[in-house]
>>> print(open('target-v9.cif').read())   # mmCIF, C-alpha atoms
data_entry
loop_
_atom_site.label_atom_id
_atom_site.label_comp_id
_atom_site.auth_asym_id
_atom_site.auth_seq_id
_atom_site.Cartn_x
_atom_site.Cartn_y
_atom_site.Cartn_z
CA ASN L 1 -2.28 12.70 21.96
CA ASP L 2 -5.95 12.09 21.20
CA LYS L 3 -8.52 14.45 19.73
CA GLY L 4 -12.03 13.38 18.82
CA GLY L 5 -11.09 9.71 18.81
CA ILE L 6 -8.15 10.28 16.43
CA LEU L 7 -4.56 9.83 17.59
CA LEU L 8 -2.77 13.07 16.79
CA LYS L 9 0.47 11.18 16.35
CA SER L 10 0.85 7.53 15.39
CA ARG L 11 3.76 5.35 14.38
CA PHE L 12 3.66 3.75 10.92
CA VAL L 13 6.28 1.13 10.08
CA VAL L 14 7.04 -0.03 6.55
CA ALA L 15 8.29 -3.61 6.33
CA GLN L 16 10.49 -3.63 3.24
CA MET L 17 10.77 -7.35 2.58
CA GLU L 18 12.43 -9.82 0.27
CA GLN L 19 10.08 -12.67 -0.52
CA ASN L 20 9.58 -15.58 -2.83
CA GLY L 21 6.64 -17.65 -4.00
CA ASP L 22 6.35 -19.63 -0.74
CA PRO L 23 3.65 -18.18 1.55
CA GLU L 24 5.00 -20.11 4.55
CA ILE L 25 8.44 -18.53 4.28
CA ASN L 26 6.90 -15.09 3.81
CA LEU L 27 4.65 -15.65 6.82
CA ALA L 28 7.66 -16.56 8.97
CA ASN L 29 9.37 -13.36 7.84
CA ALA L 30 6.23 -11.39 8.65
CA ARG L 31 6.25 -12.71 12.21
CA LYS L 32 9.83 -11.54 12.68
CA ALA L 33 9.09 -8.13 11.15
CA VAL L 34 6.02 -7.55 13.32
CA ALA L 35 7.88 -8.55 16.48
CA GLU L 36 10.68 -6.12 15.67
CA ALA L 37 8.32 -3.31 14.67
CA VAL L 38 6.38 -3.62 17.90
CA GLU L 39 9.39 -4.02 20.19
CA TYR L 40 11.70 -1.37 18.75
CA TYR L 41 9.33 1.11 17.11
CA HIS L 42 6.14 0.64 19.16
CA ALA L 43 4.29 0.41 15.85
CA ASP L 44 0.63 1.31 15.54
CA PHE L 45 0.38 0.29 11.88
CA ILE L 46 2.64 -1.97 9.79
CA VAL L 47 2.59 -1.82 5.99
CA PHE L 48 3.85 -4.82 4.00
CA PRO L 49 4.47 -4.74 0.22
CA GLU L 50 2.27 -5.61 -2.71
CA CYS L 51 1.92 -9.36 -3.43
CA PHE L 52 3.68 -10.08 -0.15
CA MET L 53 2.05 -13.51 0.17
CA SER L 54 3.61 -14.77 -3.07
CA LEU L 55 5.23 -13.21 -6.11
CA TYR L 56 7.20 -14.92 -8.85
CA PRO L 57 9.79 -13.52 -11.25
CA ALA L 58 8.98 -12.96 -14.89
CA GLY L 59 9.15 -16.20 -16.84
CA THR L 60 7.70 -18.38 -14.07
CA PRO L 61 5.15 -20.79 -15.58
CA LYS L 62 1.65 -19.38 -15.43
CA GLU L 63 0.39 -22.54 -13.75
CA THR L 64 2.78 -21.99 -10.85
CA GLN L 65 1.74 -18.37 -10.39
CA LEU L 66 -1.96 -19.14 -10.55
CA GLY L 67 -1.57 -22.18 -8.30
CA SER L 68 -0.18 -20.17 -5.37
CA ALA L 69 -3.39 -18.20 -4.89
CA GLN L 70 -5.46 -18.35 -1.70
CA THR L 71 -8.83 -17.00 -0.65
CA LEU L 72 -9.40 -14.11 1.75
CA ASP L 73 -10.12 -16.61 4.50
CA GLY L 74 -7.25 -18.94 3.54
CA PRO L 75 -4.30 -19.89 5.74
CA PHE L 76 -2.09 -16.91 4.92
CA ALA L 77 -4.72 -14.23 5.54
CA THR L 78 -5.92 -16.07 8.66
CA GLU L 79 -2.41 -16.07 10.13
CA MET L 80 -1.88 -12.40 9.31
CA LYS L 81 -5.13 -11.57 11.13
CA LYS L 82 -3.88 -13.51 14.15
CA LEU L 83 -0.56 -11.70 13.97
CA ALA L 84 -2.34 -8.34 14.07
CA LYS L 85 -4.55 -9.33 16.99
CA ASP L 86 -1.78 -10.95 19.04
CA ASN L 87 0.40 -7.86 18.69
CA HIS L 88 -2.38 -5.24 18.95
CA VAL L 89 -1.30 -3.60 15.70
CA TRP L 90 -2.93 -2.76 12.36
CA ILE L 91 -1.46 -4.53 9.33
CA THR L 92 -1.74 -4.09 5.57
CA PHE L 93 -0.39 -6.68 3.13
CA GLY L 94 -0.71 -7.76 -0.47
CA MET L 95 -1.74 -11.23 -1.56
CA ASN L 96 -2.49 -13.39 -4.58
CA GLU L 97 -6.25 -13.90 -4.21
CA LYS L 98 -7.91 -16.95 -5.69
CA VAL L 99 -10.90 -16.14 -7.90
CA ASP L 100 -13.70 -18.66 -8.31
CA ASN L 101 -14.50 -18.05 -11.97
CA PRO L 102 -14.27 -21.00 -14.36
CA ALA L 103 -14.43 -18.61 -17.31
CA ASP L 104 -11.31 -16.69 -16.18
CA PRO L 105 -8.55 -18.58 -14.35
CA ARG L 106 -6.65 -15.42 -13.39
CA ASN L 107 -6.26 -14.24 -9.79
CA HIS L 108 -6.69 -10.86 -8.12
CA ASN L 109 -3.79 -8.73 -6.88
CA THR L 110 -5.43 -7.95 -3.54
CA THR L 111 -4.50 -5.83 -0.53
CA MET L 112 -6.09 -6.36 2.89
CA ILE L 113 -6.20 -4.01 5.88
CA ILE L 114 -6.50 -5.73 9.26
CA ASP L 115 -7.16 -3.88 12.52
CA SER L 116 -5.61 -4.56 15.92
CA GLU L 117 -8.46 -6.92 16.79
CA GLY L 118 -7.69 -9.09 13.76
CA GLU L 119 -10.75 -7.90 11.84
CA VAL L 120 -10.75 -7.09 8.13
CA LYS L 121 -11.33 -3.36 7.64
CA GLY L 122 -10.58 -3.05 3.95
CA VAL L 123 -10.07 -5.15 0.83
CA TYR L 124 -8.84 -3.71 -2.46
CA ARG L 125 -8.30 -5.48 -5.74
CA LYS L 126 -5.81 -3.64 -7.94
CA THR L 127 -7.58 -1.96 -10.84
CA HIS L 128 -4.72 -0.65 -13.00
CA LEU L 129 -2.47 -3.53 -14.02
CA TYR L 130 1.22 -3.28 -14.81
CA ASP L 131 1.35 -4.02 -18.52
CA ALA L 132 4.45 -1.89 -19.06
CA PHE L 133 8.22 -2.06 -19.47
CA GLY L 134 7.93 -5.49 -21.07
CA TYR L 135 5.90 -7.02 -18.22
CA LYS L 136 2.28 -8.12 -18.56
CA GLU L 137 0.55 -8.42 -15.20
CA SER L 138 -2.78 -9.04 -16.89
CA ASP L 139 -1.58 -12.47 -18.02
CA THR L 140 -2.21 -13.79 -14.50
CA ILE L 141 -4.17 -11.02 -12.76
CA CYS L 142 -7.78 -10.01 -13.29
CA PRO L 143 -8.33 -6.29 -12.53
CA GLY L 144 -10.68 -5.10 -9.82
CA ASP L 145 -13.68 -3.03 -10.83
CA LYS L 146 -13.63 -0.16 -8.30
CA LEU L 147 -11.22 2.05 -6.43
CA PHE L 148 -10.70 1.75 -2.68
CA ASP L 149 -13.16 3.36 -0.29
CA PRO L 150 -11.05 5.11 2.38
CA ILE L 151 -11.62 3.91 5.92
CA ASP L 152 -11.83 5.68 9.27
CA THR L 153 -9.13 4.52 11.68
CA PRO L 154 -7.74 5.70 15.03
CA PHE L 155 -4.92 7.33 13.04
CA GLY L 156 -6.97 9.32 10.52
CA LYS L 157 -8.81 8.46 7.32
CA ILE L 158 -6.75 6.07 5.24
CA GLY L 159 -6.83 5.56 1.48
CA LEU L 160 -5.02 3.00 -0.64
CA PHE L 161 -3.70 2.30 -4.10
CA VAL L 162 -1.13 -0.18 -5.39
CA CYS L 163 2.21 0.28 -7.16
CA TYR L 164 1.64 1.16 -10.85
CA GLU L 165 -1.44 3.17 -9.86
CA VAL L 166 0.77 6.00 -8.58
CA ARG L 167 1.24 6.85 -12.27
CA PHE L 168 -2.45 7.78 -12.48
CA PRO L 169 -3.02 11.04 -10.56
CA GLU L 170 -6.78 10.51 -10.74
CA VAL L 171 -6.48 7.52 -8.40
CA ALA L 172 -4.79 9.46 -5.60
CA ARG L 173 -7.14 12.41 -6.15
CA ASP L 174 -10.12 10.07 -5.83
CA GLN L 175 -8.86 8.93 -2.44
CA VAL L 176 -8.50 12.48 -1.12
CA LEU L 177 -11.85 13.52 -2.57
CA LYS L 178 -13.26 10.70 -0.44
CA GLY L 179 -11.57 12.15 2.64
CA ALA L 180 -8.23 10.35 2.86
CA ASP L 181 -5.45 12.06 4.82
CA ILE L 182 -3.01 9.15 4.61
CA ILE L 183 -2.59 6.96 1.52
CA LEU L 184 -0.96 3.54 1.65
CA MET L 185 0.92 2.31 -1.40
CA PRO L 186 2.02 -1.34 -1.24
CA THR L 187 4.31 -1.96 -4.19
CA ALA L 188 6.69 -4.37 -5.90
CA TRP L 189 8.42 -1.70 -7.97
CA ALA L 190 10.59 -3.27 -10.63
CA SER L 191 14.20 -2.18 -10.98
CA GLY L 192 15.39 -0.59 -14.21
CA PRO L 193 16.69 2.59 -15.85
CA LEU L 194 15.14 5.71 -14.28
CA LYS L 195 12.77 3.60 -12.19
CA SER L 196 14.13 4.94 -8.88
CA HIS L 197 13.82 8.51 -10.11
CA GLN L 198 10.26 7.96 -11.30
CA PHE L 199 9.26 6.16 -8.09
CA LYS L 200 10.29 9.03 -5.83
CA THR L 201 9.10 11.76 -8.18
CA LEU L 202 5.63 10.28 -8.62
CA ILE L 203 5.12 9.60 -4.91
CA THR L 204 6.30 13.09 -3.98
CA ALA L 205 4.03 14.67 -6.58
CA ARG L 206 0.98 12.72 -5.37
CA ALA L 207 1.71 13.81 -1.79
CA ILE L 208 2.17 17.49 -2.66
CA GLU L 209 -0.77 17.88 -5.01
CA ASN L 210 -3.11 16.20 -2.52
CA THR L 211 -1.48 17.51 0.68
CA ALA L 212 -1.54 14.00 2.12
CA TYR L 213 0.91 11.52 3.58
CA ILE L 214 1.90 8.69 1.22
CA ILE L 215 3.43 5.53 2.65
CA ALA L 216 5.08 3.33 0.02
CA ALA L 217 6.17 -0.18 1.05
CA ASP L 218 8.31 -1.89 -1.58
CA GLN L 219 9.78 -5.35 -1.98
CA VAL L 220 13.49 -5.99 -2.46
CA GLY L 221 15.35 -8.79 -4.17
CA VAL L 222 15.91 -9.96 -7.72
CA ASN L 223 13.00 -8.07 -9.26
CA SER L 224 12.20 -5.14 -6.95
CA MET L 225 14.44 -2.24 -6.02
CA GLY L 226 13.40 -1.38 -2.45
CA GLU L 227 13.77 2.32 -1.60
CA SER L 228 10.50 2.36 0.37
CA ILE L 229 9.56 5.85 1.45
CA ILE L 230 7.16 7.83 3.62
CA VAL L 231 6.41 11.32 2.32
CA ASP L 232 4.58 14.05 4.22
CA PRO L 233 1.98 16.50 2.80
CA MET L 234 4.71 18.99 1.83
CA GLY L 235 6.58 16.34 -0.13
CA VAL L 236 9.24 15.84 2.54
CA ALA L 237 10.63 12.32 2.87
CA VAL L 238 10.30 11.64 6.59
CA ALA L 239 11.64 8.07 6.32
CA SER L 240 13.31 6.12 3.52
CA ALA L 241 15.02 2.79 2.90
CA GLY L 242 17.83 1.45 0.78
CA GLU L 243 18.01 -1.72 -1.29
CA THR L 244 18.04 -4.33 1.49
CA PRO L 245 15.33 -5.79 3.72
CA GLN L 246 14.64 -3.40 6.59
CA LEU L 247 12.03 -1.59 8.61
CA ILE L 248 11.51 2.16 8.43
CA CYS L 249 9.33 4.15 10.78
CA ALA L 250 7.73 7.58 10.75
CA THR L 251 5.43 9.45 13.09
CA ILE L 252 2.29 10.49 11.26
CA ASP L 253 1.09 13.82 12.64
CA THR L 254 -2.51 14.72 11.78
CA ASP L 255 -1.87 18.32 12.85
CA ARG L 256 0.81 18.48 10.16
CA ILE L 257 -1.86 17.70 7.57
CA LYS L 258 -4.07 20.54 8.84
CA GLU L 259 -1.16 23.00 8.95
CA VAL L 260 -0.07 22.20 5.40
CA ARG L 261 -3.60 22.43 4.02
CA ALA L 262 -4.04 25.80 5.73
CA LYS L 263 -0.96 27.34 4.12
CA LEU L 264 -1.16 25.40 0.84
CA PRO L 265 -4.89 25.25 0.00
CA SER L 266 -4.39 23.93 -3.53
CA PHE L 267 -6.86 21.10 -3.01
CA LYS L 268 -9.52 23.52 -1.74
CA ASP L 269 -8.73 25.97 -4.56
CA ARG L 270 -9.55 23.50 -7.32
CA ARG L 271 -12.15 24.60 -9.89
CA PRO L 272 -13.37 21.18 -11.03
CA TYR L 273 -16.09 22.56 -13.30
CA LEU L 274 -13.29 23.81 -15.57
CA TYR L 275 -11.69 20.38 -15.96
CA LEU L 276 -12.88 17.73 -18.34
CA VAL L 277 -11.38 14.49 -17.09
CA LYS L 278 -12.32 11.24 -18.78
#
>>> encode(input="target-v9.cif", output="structure tokens")
Amino acid sequence: NDKGGILLKSRFVVAQMEQNGDPEINLANARKAVAEAVEYYHADFIVFPECFMSLYPAGTPKETQLGSAQTLDGPFATEMKKLAKDNHVWITFGMNEKVDNPADPRNHNTTMIIDSEGEVKGVYRKTHLYDAFGYKESDTICPGDKLFDPIDTPFGKIGLFVCYEVRFPEVARDQVLKGADIILMPTAWASGPLKSHQFKTLITARAIENTAYIIAADQVGVNSMGESIIVDPMGVAVASAGETPQLICATIDTDRIKEVRAKLPSFKDRRPYLYLVK
């Protein structure tokens, strides 16, 4: 099950969670989810949603939203690192990161990747903000200034983007150009007309056009619809969730990636000198 230091097959669990603005409650729920993922699914990697540490519904006073932020070495991140180490599992989660900038009081929408030793392996600050469908994320969130640099892991090379960024094919393509075979997508996808259809269509398209796995972990509750999904390089949904809190699990097979790219070499067949992308 191991070739060249890479596990040929690994078990990724999506923790589709309902959360509120209280990091302590969300942390307690994370402990339960990790325990279940490890015991019942023998998880190698657990993916929590975007803004899992704290997220407030539209209309919440800006002061409340900004006031919930923590630093990357704050209590929430520190406990999530401990959770990963104690359970010998990799964890990804979204948080409301405090920014020390007197000129701009906004926070970052940040995702952290923690390895099974409790060490930080990746930090990404969302670059494309959700100012759409009547919502304005940029009121409280300051965008990051660079895309994620995919990381080498025991499970393959992993890329990352967040929620709304699935609507920008250049973001996913950037991750695969940098070597990603698996792309994580923490999200808090808002409910609404056609939103479920668009969610699944966009994720499937990004997986097919890049011949990569995409693992989308959504929130549920008042604002988010759930329907988390894991899609393989052929666009096949290998695990999916409904509208309630739950765990879903899929085996990620690196040989599957190689087989698909051999018979569907669309990524290799690109002619980038013909495309003007700005």
>>> closest_atom_pairs(input="target-v9.cif", of="region 34-58 of chain L", to="region 89-99 of chain L", cutoff="10 Å", atoms="only C-alpha atoms", output="tab-separated table")
residue	atom	partner	partner_atom	distance
L:Val34	CA	L:Val89	CA	8.7
L:Ala37	CA	L:Val89	CA	9.7
L:Val38	CA	L:Val89	CA	8.0
L:His42	CA	L:Val89	CA	9.2
L:Ala43	CA	L:Val89	CA	6.9
L:Asp44	CA	L:Val89	CA	5.3
L:Phe45	CA	L:Trp90	CA	4.5
L:Ile46	CA	L:Ile91	CA	4.9
L:Val47	CA	L:Thr92	CA	4.9
L:Phe48	CA	L:Phe93	CA	4.7
L:Pro49	CA	L:Phe93	CA	6.0
L:Glu50	CA	L:Gly94	CA	4.3
L:Cys51	CA	L:Gly94	CA	4.3
L:Phe52	CA	L:Gly94	CA	5.0
L:Met53	CA	L:Met95	CA	4.7
L:Ser54	CA	L:Asn96	CA	6.4
L:Leu55	CA	L:Asn96	CA	7.9
>>> resolve_selection(input="target-v9.cif", expression="the PyMOL selection byres ((chain L and resi 13-18) around 10)", output="ChimeraX atom specification")
/L:10-12,19-20,26,29-30,33-34,36-38,41-49,52,91-93,186-188,215-224,226-230,239-251
>>> closest_atom_pairs(input="target-v9.cif", of="region 98-127 of chain L", to="region 163-167 of chain L", cutoff="12 Å", atoms="all atoms listed in the file", output="CSV")
residue,atom,partner,partner_atom,distance
L:Asn109,CA,L:Cys163,CA,10.8
L:Thr110,CA,L:Cys163,CA,11.8
L:Thr111,CA,L:Cys163,CA,11.2
L:Arg125,CA,L:Glu165,CA,11.8
L:Lys126,CA,L:Glu165,CA,8.3
L:Thr127,CA,L:Glu165,CA,8.1
>>> resolve_selection(input="target-v9.cif", expression="the PyMOL selection byres ((chain L and resi 173) around 12)", output="number ranges by chain")
L: 147-148, 150, 159-161, 165-172, 174-183, 205-212, 267, 270, 272, 277
>>> resolve_selection(input="target-v9.cif", expression="the PyMOL selection byres ((chain L and resi 66) around 10)", output="compact mmCIF listing (two decimals) with C-alpha atoms, in the coordinates of the input")
# COMPACT_ATOMS: atom_id res chain seq x y z
CA PRO L 61 5.15 -20.79 -15.58
CA LYS L 62 1.65 -19.38 -15.43
CA GLU L 63 0.39 -22.54 -13.75
CA THR L 64 2.78 -21.99 -10.85
CA GLN L 65 1.74 -18.37 -10.39
CA GLY L 67 -1.57 -22.18 -8.30
CA SER L 68 -0.18 -20.17 -5.37
CA ALA L 69 -3.39 -18.20 -4.89
CA GLN L 70 -5.46 -18.35 -1.70
CA ASN L 96 -2.49 -13.39 -4.58
CA GLU L 97 -6.25 -13.90 -4.21
CA LYS L 98 -7.91 -16.95 -5.69
CA VAL L 99 -10.90 -16.14 -7.90
CA PRO L 105 -8.55 -18.58 -14.35
CA ARG L 106 -6.65 -15.42 -13.39
CA ASN L 107 -6.26 -14.24 -9.79
CA HIS L 108 -6.69 -10.86 -8.12
CA THR L 140 -2.21 -13.79 -14.50
CA ILE L 141 -4.17 -11.02 -12.76
>>> closest_residue(input="target-v9.cif", among="L:Lys268, L:Thr71, L:Leu194, L:Pro154", to="Thr254 (chain L)", atoms="only C-alpha atoms")
L:Pro154
>>> residues_around(input="target-v9.cif", residues="Tyr135 (chain L)", least_positions_apart="4", cutoff="9 Å", atoms="all atoms listed in the file", output="PyMOL selection string")
chain L and resi 58+130-131
>>> residues_around(input="target-v9.cif", residues="Met80 (chain L)", least_positions_apart="3", cutoff="8 Å", atoms="only C-alpha atoms", output="list in words")
Leu27, Phe76, Ala77, Leu83, Ala84 and Ile91 of chain L
>>> atom_distance(input="target-v9.cif", atom1="CA of Met112 (chain L)", atom2="CA of Thr78 (chain L)")
11.3 Å
>>> residues_around(input="target-v9.cif", residues="Glu119 (chain L)", least_positions_apart="2", cutoff="9 Å", atoms="all atoms listed in the file", output="PDB file with C-alpha atoms, keeping the file's coordinate frame")
ATOM      1  CA  LYS L  81      -5.130 -11.570  11.130  1.00  0.00           C
ATOM      2  CA  ALA L  84      -2.340  -8.340  14.070  1.00  0.00           C
ATOM      3  CA  LYS L  85      -4.550  -9.330  16.990  1.00  0.00           C
ATOM      4  CA  ILE L 113      -6.200  -4.010   5.880  1.00  0.00           C
ATOM      5  CA  ILE L 114      -6.500  -5.730   9.260  1.00  0.00           C
ATOM      6  CA  ASP L 115      -7.160  -3.880  12.520  1.00  0.00           C
ATOM      7  CA  SER L 116      -5.610  -4.560  15.920  1.00  0.00           C
ATOM      8  CA  GLU L 117      -8.460  -6.920  16.790  1.00  0.00           C
ATOM      9  CA  LYS L 121     -11.330  -3.360   7.640  1.00  0.00           C
TER      10      LYS L 121
END
>>> atom_distance(input="target-v9.cif", atom1="CA of Leu264 (chain L)", atom2="CA of Lys157 (chain L)")
19.7 Å
>>> atom_distance(input="target-v9.cif", atom1="CA of Asn87 (chain L)", atom2="CA of Ala35 (chain L)")
7.8 Å
